[in-house]
$ cat model-v9.txt   # compact mmCIF, C-alpha atoms and all ligand atoms
# COMPACT_ATOMS: atom_id res chain seq x y z
CA GLU A 14 0.00 0.00 0.00
CA TYR A 15 2.73 2.38 1.08
CA THR A 16 4.89 1.70 -1.99
CA ILE A 17 1.93 1.97 -4.34
CA ASN A 18 1.17 5.40 -2.94
CA LYS A 19 4.72 6.55 -3.45
CA ILE A 20 4.64 5.51 -7.10
CA ALA A 21 1.22 7.00 -7.69
CA ALA A 22 2.35 10.24 -6.10
CA GLY A 23 4.38 10.87 -9.24
CA GLU A 24 1.17 11.35 -11.17
CA VAL A 25 -0.65 13.73 -8.88
CA VAL A 26 2.22 15.39 -7.05
CA GLU A 27 4.68 16.80 -9.51
CA ARG A 28 5.71 19.86 -7.58
CA PRO A 29 4.40 22.18 -4.82
CA SER A 30 1.91 23.86 -7.14
CA SER A 31 0.21 20.53 -7.87
CA VAL A 32 -0.23 20.04 -4.11
CA VAL A 33 -1.79 23.50 -3.83
CA LYS A 34 -4.11 22.74 -6.72
CA GLU A 35 -5.34 19.45 -5.25
CA LEU A 36 -5.83 20.85 -1.75
CA VAL A 37 -7.63 23.97 -2.91
CA GLU A 38 -9.88 21.88 -5.15
CA ASN A 39 -10.78 19.80 -2.10
CA SER A 40 -11.62 23.02 -0.26
CA ILE A 41 -13.81 24.10 -3.16
CA ASP A 42 -15.56 20.72 -3.20
CA ALA A 43 -16.19 21.11 0.54
CA GLY A 44 -18.35 24.16 -0.14
CA SER A 45 -15.91 26.72 1.25
CA THR A 46 -16.55 30.43 0.83
CA LYS A 47 -13.09 31.43 2.11
CA ILE A 48 -9.79 29.75 1.30
CA THR A 49 -6.35 30.86 2.50
CA ILE A 50 -3.17 29.59 0.88
CA GLU A 51 0.13 30.16 2.69
CA ILE A 52 3.50 29.08 1.39
CA GLN A 53 7.15 29.33 2.40
CA ASP A 54 10.21 28.73 0.26
CA GLY A 55 8.18 28.13 -2.91
CA GLY A 56 6.08 25.57 -1.07
CA LYS A 57 9.06 23.26 -0.73
CA LYS A 58 9.26 23.67 3.06
CA PHE A 59 5.73 24.66 3.99
CA MET A 60 2.24 24.96 2.51
CA ARG A 61 -0.91 25.59 4.50
CA ILE A 62 -4.44 25.61 3.04
CA THR A 63 -7.22 26.75 5.37
CA ASP A 64 -10.89 26.62 4.44
CA ASN A 65 -14.28 27.15 6.03
CA GLY A 66 -15.90 24.20 4.29
CA HIS A 67 -17.92 21.37 5.78
CA GLY A 68 -14.93 19.64 7.39
CA ILE A 69 -14.27 15.92 7.80
CA PRO A 70 -15.99 13.96 10.60
CA SER A 71 -13.49 12.76 13.21
CA ASP A 72 -14.16 9.09 12.52
CA GLN A 73 -13.34 9.60 8.84
CA VAL A 74 -10.11 11.56 8.89
CA GLU A 75 -7.86 8.50 8.58
CA LYS A 76 -9.98 7.19 5.76
CA SER A 77 -9.49 10.31 3.66
CA PHE A 78 -5.79 9.43 3.37
CA LEU A 79 -6.45 5.97 1.97
CA ARG A 80 -5.92 5.47 -1.71
CA HIS A 81 -9.18 5.61 -3.62
CA ALA A 82 -10.97 6.94 -0.59
CA THR A 83 -13.30 9.50 -2.02
CA SER A 84 -16.58 10.71 -0.64
CA LYS A 85 -17.41 12.12 -4.03
CA ILE A 86 -18.36 9.33 -6.43
CA LEU A 87 -21.69 8.02 -5.39
CA LYS A 88 -22.53 6.29 -8.63
CA ILE A 89 -20.69 5.66 -11.85
CA ASP A 90 -22.70 8.32 -13.69
CA ASP A 91 -21.05 10.93 -11.49
CA LEU A 92 -17.79 10.24 -13.29
CA TYR A 93 -19.27 11.74 -16.41
CA SER A 94 -20.93 14.74 -14.87
CA LEU A 95 -17.71 15.87 -13.16
CA ASN A 96 -19.65 18.12 -10.87
CA SER A 97 -16.94 18.05 -8.29
CA LEU A 98 -13.31 18.64 -9.08
CA GLY A 99 -11.97 15.56 -7.33
CA PHE A 100 -13.35 12.15 -8.03
CA ARG A 101 -10.50 9.70 -7.79
CA GLY A 102 -9.63 9.73 -4.13
CA GLU A 103 -5.94 9.86 -4.87
CA ALA A 104 -4.65 13.27 -3.94
CA LEU A 105 -4.46 13.14 -0.14
CA ALA A 106 -2.94 9.65 -0.13
CA SER A 107 -0.37 10.64 -2.72
CA ILE A 108 0.59 13.92 -1.06
CA ALA A 109 0.80 12.29 2.36
CA SER A 110 3.15 9.57 1.09
CA VAL A 111 5.83 12.11 0.13
CA SER A 112 5.53 14.73 2.88
CA LYS A 113 4.78 15.47 6.53
CA ILE A 114 1.17 16.47 7.08
CA ASP A 115 -0.94 18.00 9.81
CA LEU A 116 -4.66 17.98 9.18
CA ILE A 117 -6.99 19.91 11.47
CA THR A 118 -10.67 19.67 10.81
CA ARG A 119 -14.09 20.09 12.37
CA THR A 120 -17.62 19.64 11.06
CA GLY A 121 -20.58 21.77 12.09
CA ASP A 122 -21.99 18.82 14.11
CA GLU A 123 -18.89 18.43 16.28
CA LYS A 124 -17.99 20.43 19.37
CA ILE A 125 -14.27 19.81 19.06
CA GLY A 126 -11.97 19.39 16.12
CA THR A 127 -9.50 16.63 15.23
CA LYS A 128 -5.83 16.85 14.44
CA LEU A 129 -4.17 14.06 12.50
CA SER A 130 -0.42 14.05 11.84
CA LEU A 131 1.30 11.86 9.26
CA GLU A 132 4.83 11.34 8.03
CA GLY A 133 5.46 9.64 4.73
CA GLY A 134 1.89 8.35 4.81
CA ASN A 135 2.17 6.84 8.30
CA ILE A 136 -0.11 8.16 11.00
CA ILE A 137 1.93 9.61 13.87
CA SER A 138 -0.83 10.95 16.09
CA LYS A 139 -4.51 11.75 16.31
CA GLU A 140 -5.86 14.06 18.98
CA PRO A 141 -8.78 16.37 19.71
CA VAL A 142 -8.05 20.04 19.14
CA GLY A 143 -9.93 23.32 19.28
CA SER A 144 -10.79 24.45 15.76
CA ALA A 145 -13.21 26.48 13.69
CA VAL A 146 -15.54 24.59 11.35
CA GLY A 147 -13.57 23.72 8.24
CA THR A 148 -10.26 22.18 7.38
CA THR A 149 -6.61 23.20 7.58
CA ILE A 150 -3.94 21.09 5.92
CA ILE A 151 -0.25 21.78 6.48
CA VAL A 152 2.19 20.08 4.13
CA LYS A 153 5.84 20.21 5.19
CA ASP A 154 9.08 19.02 3.61
CA LEU A 155 7.73 17.84 0.28
CA PHE A 156 9.66 14.83 -1.09
CA PHE A 157 11.68 14.51 2.17
CA ASN A 158 11.66 10.74 1.67
CA THR A 159 12.19 10.71 -2.11
CA PRO A 160 15.51 12.55 -2.53
CA ALA A 161 15.67 11.85 -6.25
CA ARG A 162 12.45 13.75 -6.79
CA LYS A 163 13.38 16.47 -4.36
CA LYS A 164 16.40 17.16 -6.52
CA PHE A 165 14.14 17.96 -9.46
CA LEU A 166 12.33 20.75 -7.66
CA LYS A 167 13.12 24.10 -9.23
CA SER A 168 14.32 27.27 -7.51
CA THR A 169 12.15 28.87 -4.84
CA ASN A 170 11.35 31.60 -7.34
CA SER A 171 10.17 29.20 -10.09
CA GLU A 172 8.10 27.12 -7.69
CA THR A 173 6.51 30.30 -6.30
CA ILE A 174 5.63 31.51 -9.79
CA SER A 175 3.98 28.18 -10.54
CA ILE A 176 1.95 28.31 -7.30
CA THR A 177 0.92 31.91 -7.98
CA ASP A 178 -0.31 30.88 -11.42
CA VAL A 179 -2.35 28.01 -9.94
CA VAL A 180 -3.84 30.28 -7.25
CA ASN A 181 -4.76 32.96 -9.82
CA LYS A 182 -6.49 30.41 -12.03
CA LEU A 183 -8.41 28.87 -9.15
CA ALA A 184 -9.43 32.31 -7.86
CA ILE A 185 -10.69 33.42 -11.26
CA GLY A 186 -12.51 30.16 -11.87
CA ASN A 187 -14.20 30.42 -8.49
CA TYR A 188 -15.01 34.10 -8.14
CA ASN A 189 -17.74 33.30 -5.64
CA ILE A 190 -15.01 32.27 -3.20
CA GLN A 191 -12.75 34.65 -1.27
CA PHE A 192 -9.10 33.72 -1.76
CA LYS A 193 -6.17 34.91 0.27
CA TYR A 194 -2.62 34.07 -0.78
CA ILE A 195 0.34 34.61 1.55
CA ASN A 196 3.94 34.07 0.49
CA ASN A 197 6.64 34.15 3.20
CA ASN A 198 4.24 36.00 5.54
CA LYS A 199 3.45 38.63 2.94
CA ILE A 200 -0.11 38.93 1.61
CA MET A 201 0.14 38.63 -2.16
CA LEU A 202 -3.51 38.53 -3.05
CA THR A 203 -6.99 38.91 -1.65
CA THR A 204 -9.94 38.39 -3.93
CA PRO A 205 -13.39 39.73 -3.01
CA GLY A 206 -15.32 36.49 -3.55
CA ASP A 207 -18.32 38.63 -4.41
CA ASN A 208 -19.44 36.48 -7.33
CA ASN A 209 -18.33 39.19 -9.76
CA LEU A 210 -15.75 38.01 -12.29
CA GLN A 211 -14.58 41.51 -13.21
CA ASN A 212 -13.91 42.47 -9.60
CA THR A 213 -11.88 39.30 -9.17
CA ILE A 214 -9.88 39.97 -12.34
CA ARG A 215 -9.18 43.51 -11.12
CA SER A 216 -8.02 42.28 -7.71
CA ILE A 217 -5.49 40.00 -9.38
CA TYR A 218 -4.35 41.82 -12.51
CA GLY A 219 -5.15 45.45 -11.80
CA LYS A 220 -6.87 48.27 -13.66
CA ASP A 221 -4.96 48.08 -16.95
CA ILE A 222 -6.31 44.67 -17.77
CA TYR A 223 -9.74 45.33 -16.32
CA ASN A 224 -10.33 48.50 -18.36
CA ASN A 225 -9.58 46.79 -21.66
CA LEU A 226 -11.99 43.90 -21.41
CA ILE A 227 -14.92 43.31 -23.71
CA PRO A 228 -17.77 41.24 -22.32
CA LEU A 229 -18.66 38.11 -24.23
CA SER A 230 -21.86 36.18 -23.75
CA ILE A 231 -22.70 33.40 -26.17
CA ARG A 232 -25.96 31.56 -25.63
CA SER A 233 -26.93 28.58 -27.71
CA LYS A 234 -28.95 25.43 -27.35
CA ASN A 235 -25.99 23.34 -26.22
CA LEU A 236 -23.67 25.75 -24.48
CA ASN A 237 -23.17 29.03 -22.70
CA LEU A 238 -19.89 30.87 -23.02
CA ASP A 239 -19.48 33.86 -20.73
CA GLY A 240 -16.69 36.14 -19.69
CA PHE A 241 -14.32 38.73 -21.07
CA ILE A 242 -11.81 39.08 -23.87
CA GLY A 243 -9.30 41.85 -24.51
CA ASN A 244 -6.15 42.87 -26.31
CA ASN A 245 -4.21 44.76 -23.69
CA SER A 246 -0.88 45.68 -25.17
CA ILE A 247 1.16 45.04 -22.06
CA TYR A 248 0.36 41.40 -21.77
CA ARG A 249 -0.39 40.29 -25.30
CA ASN A 250 3.02 38.70 -25.79
CA ASN A 251 2.26 35.67 -23.73
CA LYS A 252 -0.51 33.29 -22.98
CA THR A 253 -0.53 33.52 -19.19
CA LEU A 254 -3.64 35.66 -19.37
CA GLN A 255 -5.67 33.10 -21.24
CA HIS A 256 -8.08 31.52 -18.83
CA VAL A 257 -10.65 29.05 -20.06
CA TYR A 258 -12.89 27.08 -17.73
CA VAL A 259 -15.20 24.32 -18.83
CA ASN A 260 -17.90 23.46 -16.33
CA GLY A 261 -15.78 25.08 -13.61
CA ARG A 262 -12.55 23.30 -14.48
CA TYR A 263 -9.52 25.18 -15.77
CA VAL A 264 -8.64 23.57 -19.11
CA LYS A 265 -6.36 23.98 -22.06
CA SER A 266 -8.70 24.21 -25.01
CA LYS A 267 -7.02 24.45 -28.39
CA LEU A 268 -10.45 24.95 -29.91
CA ILE A 269 -11.49 27.96 -27.86
CA LEU A 270 -8.05 29.61 -27.87
CA GLY A 271 -7.74 28.89 -31.61
CA ALA A 272 -11.12 30.52 -32.28
CA ILE A 273 -10.02 33.59 -30.32
CA TYR A 274 -6.73 33.72 -32.21
CA GLU A 275 -8.53 33.58 -35.55
CA ALA A 276 -11.04 36.23 -34.48
CA TYR A 277 -8.22 38.58 -33.45
CA LYS A 278 -6.29 38.13 -36.69
CA GLY A 279 -5.81 41.56 -38.20
CA ILE A 280 -6.41 43.22 -34.85
CA LEU A 281 -3.39 41.83 -33.02
CA PRO A 282 -0.02 41.41 -34.71
CA ILE A 283 0.76 37.87 -35.80
CA ASN A 284 1.80 35.55 -32.94
CA LYS A 285 0.36 37.90 -30.33
CA HIS A 286 -2.34 36.59 -28.06
CA ALA A 287 -5.52 38.11 -26.77
CA ILE A 288 -6.45 38.00 -23.12
CA CYS A 289 -9.44 35.95 -22.16
CA PHE A 290 -11.33 34.95 -19.08
CA LEU A 291 -14.00 32.59 -20.31
CA SER A 292 -16.31 30.14 -18.68
CA LEU A 293 -17.99 27.55 -20.87
CA LYS A 294 -20.96 25.63 -19.57
CA ILE A 295 -21.76 22.65 -21.73
CA ASP A 296 -23.59 19.35 -21.45
CA PRO A 297 -20.90 16.98 -20.06
CA LYS A 298 -22.02 14.34 -22.55
CA LYS A 299 -20.79 16.56 -25.39
CA ILE A 300 -17.23 16.79 -24.11
CA ASP A 301 -14.43 14.40 -23.36
CA VAL A 302 -12.25 15.52 -20.47
CA ASN A 303 -8.95 13.76 -20.14
CA ILE A 304 -9.25 12.80 -16.52
CA HIS A 305 -5.55 12.30 -15.91
CA PRO A 306 -4.90 14.72 -13.04
CA THR A 307 -2.08 16.62 -14.67
CA LYS A 308 -3.61 16.91 -18.12
CA LEU A 309 -6.26 19.46 -18.77
CA GLU A 310 -7.05 18.87 -22.40
CA ILE A 311 -10.64 18.73 -23.47
CA LYS A 312 -12.30 17.52 -26.67
CA PHE A 313 -15.64 18.59 -28.07
CA GLU A 314 -18.25 16.87 -30.15
CA GLU A 315 -18.72 18.54 -33.59
CA ASP A 316 -15.61 20.57 -32.97
CA GLN A 317 -15.28 22.29 -36.36
CA LYS A 318 -18.82 23.64 -36.11
CA LEU A 319 -18.20 24.86 -32.59
CA PHE A 320 -14.89 26.48 -33.60
CA ASN A 321 -16.57 28.50 -36.37
CA TYR A 322 -19.48 29.41 -34.17
CA ILE A 323 -17.30 30.76 -31.35
CA LYS A 324 -15.05 32.61 -33.81
CA ASP A 325 -18.06 34.30 -35.47
CA GLU A 326 -19.54 35.30 -32.11
CA ILE A 327 -16.23 36.83 -30.99
CA ASN A 328 -16.00 38.73 -34.27
CA LYS A 329 -19.46 40.15 -33.64
CA ALA A 330 -18.50 41.18 -30.12
CA LEU A 331 -15.33 42.86 -31.41
CA LEU A 332 -17.24 44.76 -34.11
CA SER A 333 -19.80 46.12 -31.66
CA SER A 334 -17.17 47.05 -29.06
CA THR A 335 -16.05 50.63 -28.65
CA LEU A 336 -12.60 49.73 -27.34
P1 LIG B 1 -11.05 13.27 -3.93
O1 LIG B 1 -11.00 14.75 -3.86
O2 LIG B 1 -10.76 12.76 -5.30
O3 LIG B 1 -12.28 12.67 -3.32
P2 LIG B 1 -8.80 13.41 -2.15
O4 LIG B 1 -7.71 12.43 -1.87
O5 LIG B 1 -8.43 14.72 -2.71
O6 LIG B 1 -9.82 12.67 -3.09
O7 LIG B 1 -9.63 13.61 -0.82
C1 LIG B 1 -10.13 12.47 -0.13
C2 LIG B 1 -11.36 12.81 0.67
O8 LIG B 1 -11.01 13.61 1.80
C3 LIG B 1 -12.40 13.64 -0.07
O9 LIG B 1 -13.26 12.82 -0.83
C4 LIG B 1 -13.12 14.34 1.08
O10 LIG B 1 -14.11 13.48 1.61
C5 LIG B 1 -12.05 14.52 2.13
N1 LIG B 1 -11.47 15.89 2.09
C6 LIG B 1 -10.25 16.24 1.63
N2 LIG B 1 -10.03 17.56 1.76
C7 LIG B 1 -11.13 18.08 2.35
C8 LIG B 1 -11.53 19.41 2.77
N3 LIG B 1 -10.72 20.47 2.61
N4 LIG B 1 -12.75 19.55 3.35
C9 LIG B 1 -13.56 18.49 3.52
N5 LIG B 1 -13.25 17.21 3.15
C10 LIG B 1 -12.05 17.01 2.58
MG MG B 2 -9.36 15.89 -4.25
$ encode --input "model-v9.txt" --output "structure tokens" --more "lines below"
Ligand code: ADP
Ligand code: MG
Amino acid sequence: EYTINKIAAGEVVERPSSVVKELVENSIDAGSTKITIEIQDGGKKFMRITDNGHGIPSDQVEKSFLRHATSKILKIDDLYSLNSLGFRGEALASIASVSKIDLITRTGDEKIGTKLSLEGGNIISKEPVGSAVGTTIIVKDLFFNTPARKKFLKSTNSETISITDVVNKLAIGNYNIQFKYINNNKIMLTTPGDNNLQNTIRSIYGKDIYNNLIPLSIRSKNLNLDGFIGNNSIYRNNKTLQHVYVNGRYVKSKLILGAIYEAYKGILPINKHAICFLSLKIDPKKIDVNIHPTKLEIKFEEDQKLFNYIKDEINKALLSSTL
């Protein structure tokens, strides 16, 4: 069991930012309205995710660290609807196998919280502890017991950049949730969590980006595509400001980004990229999500038709925009 977890950890836990992503997605799945992410030394030494979600009942905390322990798949159909972000019950077991963890959690039904400590996947202690409703997970010394993998971690700066990118994407994709991000005791980001995408974009990227956005709202029988696009000159050289979410999941969609690229041809210089913050809601039966945890590719049914449709709609939005 222990060895299997260590091997599997290679899939889910690539680097500190993948730990942050998995833990924050668990917080989102737990119905949290506030999530705080704290890191030190690029997450290599210390990561702490605190949420105000529904918590884990004391008699189930050990179970959540077992491989394939998930409270989220109730029936096989759920696999296709992907309503929650996690559905494989792999993340906590994998992370625990390659780090030192403290989990503190309390549900609304319990008077006192529970603290569980693990090292390399082995439970060290379990004790009652005073705690607010919700869950805090501290992950220390990532890869302490797999030196070969520890060696492949990048500089503190690179790992921090990767975590920041993950936090930004999660915050934008979940603008109904208040995010706080603290790096080496310095507050880097606070999002309002006011269910307003533009306010969240502004809190992360500032006025320059915010003022250059064109709203996009495409409604059709099979899909809704909502959000903002823009061609801000400061950022158009790279793709870091291309955010696409499909049914709440951040994805890499060649189709959507390609349609945007085509629509902006003649407006942006060749090889320059528009900004986008787009959320696509589509019938899950019409998409194929690659459910490997580190791959975010998505395929659509009738993709050529969809490509042309999105491109035409963006063209219309650009023509009627005053920017
Ligand atoms: P998955 O998310 O695929 O179910 P994980 O290994 O990420 O698997 O988590 C295992 C289980 O632990 C979850 O199904 C959930 O029941 C519980 N859990 C993990 N994190 C939290 C959290 N922040 N709040 C409440 N429950 C949690
Ligand atoms: Mg999960």
$ atom_distance --input "model-v9.txt" --atom1 "CA of Asp296 (chain A)" --atom2 "CA of Leu236 (chain A)"
7.1 Å
$ atom_distance --input "model-v9.txt" --atom1 "CA of Leu155 (chain A)" --atom2 "CA of Ile108 (chain A)"
8.3 Å
$ closest_residue --input "model-v9.txt" --among "A:Glu132, A:Glu51, A:Asp178, A:Glu314" --to "Phe157 (chain A)" --atoms "only C-alpha atoms"
A:Glu132
$ residues_around --input "model-v9.txt" --residues "region 223-228 of chain A" --least-positions-apart "3" --cutoff "12 Å" --atoms "all atoms listed in the file" --output "PyMOL selection string"
chain A and resi 210-220+231+238-249+254+287-292+326-336
$ residues_around --input "model-v9.txt" --residues "Ser138 (chain A)" --least-positions-apart "3" --cutoff "8 Å" --atoms "all atoms listed in the file" --output "PyMOL selection string"
chain A and resi 128-131
$ residues_around --input "model-v9.txt" --residues "Val74 (chain A)" --least-positions-apart "3" --cutoff "9 Å" --atoms "only C-alpha atoms" --output "number ranges by chain"
A: 69-71, 77-78, 116, 118, 127-129
$ closest_residue --input "model-v9.txt" --among "A:Gly55, A:Gly102, A:Gly68, A:Pro205" --to "ligand MG 2 (chain B)" --atoms "all atoms listed in the file"
A:Gly102
$ atom_distance --input "model-v9.txt" --atom1 "CA of Leu319 (chain A)" --atom2 "CA of Glu38 (chain A)"
28.8 Å
$ closest_residue --input "model-v9.txt" --among "A:Val32, A:Ala145, A:Leu281, A:Ala161" --to "Ile50 (chain A)" --atoms "all atoms listed in the file"
A:Val32
$ residues_around --input "model-v9.txt" --residues "region 189-204 of chain A" --least-positions-apart "6" --cutoff "12 Å" --atoms "all atoms listed in the file" --output "count of residues only"
54
$ closest_residue --input "model-v9.txt" --among "A:Ser110, A:Ser31, A:Thr149, A:Asn135" --to "ligand LIG 1 (chain B)" --atoms "all atoms listed in the file"
A:Thr149
$ decode --input "model-v9.txt" --residues "region 225-248 of chain A" --atoms "N, CA and C atoms" --output "short mmCIF file (atom, residue, chain, number, x, y, z; two decimals), in the first residue's frame"
data_model
loop_
_atom_site.label_atom_id
_atom_site.label_comp_id
_atom_site.auth_asym_id
_atom_site.auth_seq_id
_atom_site.Cartn_x
_atom_site.Cartn_y
_atom_site.Cartn_z
N ASN A 225 -9.64 47.13 -20.24
CA ASN A 225 -9.58 46.79 -21.66
C ASN A 225 -10.38 45.55 -22.02
N LEU A 226 -11.26 45.15 -21.14
CA LEU A 226 -11.99 43.90 -21.41
C LEU A 226 -13.32 44.15 -22.09
N ILE A 227 -13.63 43.28 -23.03
CA ILE A 227 -14.92 43.31 -23.71
C ILE A 227 -15.74 42.13 -23.21
N PRO A 228 -16.97 42.38 -22.78
CA PRO A 228 -17.77 41.24 -22.32
C PRO A 228 -18.17 40.34 -23.49
N LEU A 229 -18.24 39.07 -23.21
CA LEU A 229 -18.66 38.11 -24.23
C LEU A 229 -19.72 37.22 -23.59
N SER A 230 -20.82 37.06 -24.29
CA SER A 230 -21.86 36.18 -23.75
C SER A 230 -22.50 35.45 -24.92
N ILE A 231 -22.18 34.19 -25.06
CA ILE A 231 -22.70 33.40 -26.17
C ILE A 231 -23.69 32.40 -25.59
N ARG A 232 -24.91 32.46 -26.10
CA ARG A 232 -25.96 31.56 -25.63
C ARG A 232 -26.42 30.71 -26.79
N SER A 233 -26.32 29.41 -26.67
CA SER A 233 -26.93 28.58 -27.71
C SER A 233 -27.59 27.38 -27.05
N LYS A 234 -28.18 26.57 -27.88
CA LYS A 234 -28.95 25.43 -27.35
C LYS A 234 -28.06 24.55 -26.45
N ASN A 235 -26.84 24.32 -26.91
CA ASN A 235 -25.99 23.34 -26.22
C ASN A 235 -24.98 23.91 -25.25
N LEU A 236 -24.74 25.21 -25.33
CA LEU A 236 -23.67 25.75 -24.48
C LEU A 236 -23.89 27.22 -24.16
N ASN A 237 -23.28 27.62 -23.06
CA ASN A 237 -23.17 29.03 -22.70
C ASN A 237 -21.70 29.36 -22.54
N LEU A 238 -21.27 30.42 -23.19
CA LEU A 238 -19.89 30.87 -23.02
C LEU A 238 -19.92 32.31 -22.53
N ASP A 239 -19.40 32.54 -21.35
CA ASP A 239 -19.48 33.86 -20.73
C ASP A 239 -18.11 34.31 -20.26
N GLY A 240 -17.93 35.61 -20.25
CA GLY A 240 -16.69 36.14 -19.69
C GLY A 240 -16.23 37.37 -20.41
N PHE A 241 -14.91 37.53 -20.51
CA PHE A 241 -14.32 38.73 -21.07
C PHE A 241 -13.15 38.39 -21.97
N ILE A 242 -13.00 39.20 -23.03
CA ILE A 242 -11.81 39.08 -23.87
C ILE A 242 -11.21 40.48 -24.02
N GLY A 243 -9.94 40.55 -24.39
CA GLY A 243 -9.30 41.85 -24.51
C GLY A 243 -7.96 41.74 -25.19
N ASN A 244 -7.43 42.89 -25.60
CA ASN A 244 -6.15 42.87 -26.31
C ASN A 244 -5.14 43.83 -25.68
N ASN A 245 -5.13 43.86 -24.38
CA ASN A 245 -4.21 44.76 -23.69
C ASN A 245 -2.78 44.61 -24.17
N SER A 246 -2.18 45.72 -24.51
CA SER A 246 -0.88 45.68 -25.17
C SER A 246 0.26 45.24 -24.25
N ILE A 247 0.08 45.41 -22.97
CA ILE A 247 1.16 45.04 -22.06
C ILE A 247 1.37 43.53 -22.03
N TYR A 248 0.27 42.82 -22.04
CA TYR A 248 0.36 41.40 -21.77
C TYR A 248 0.21 40.52 -23.01
#
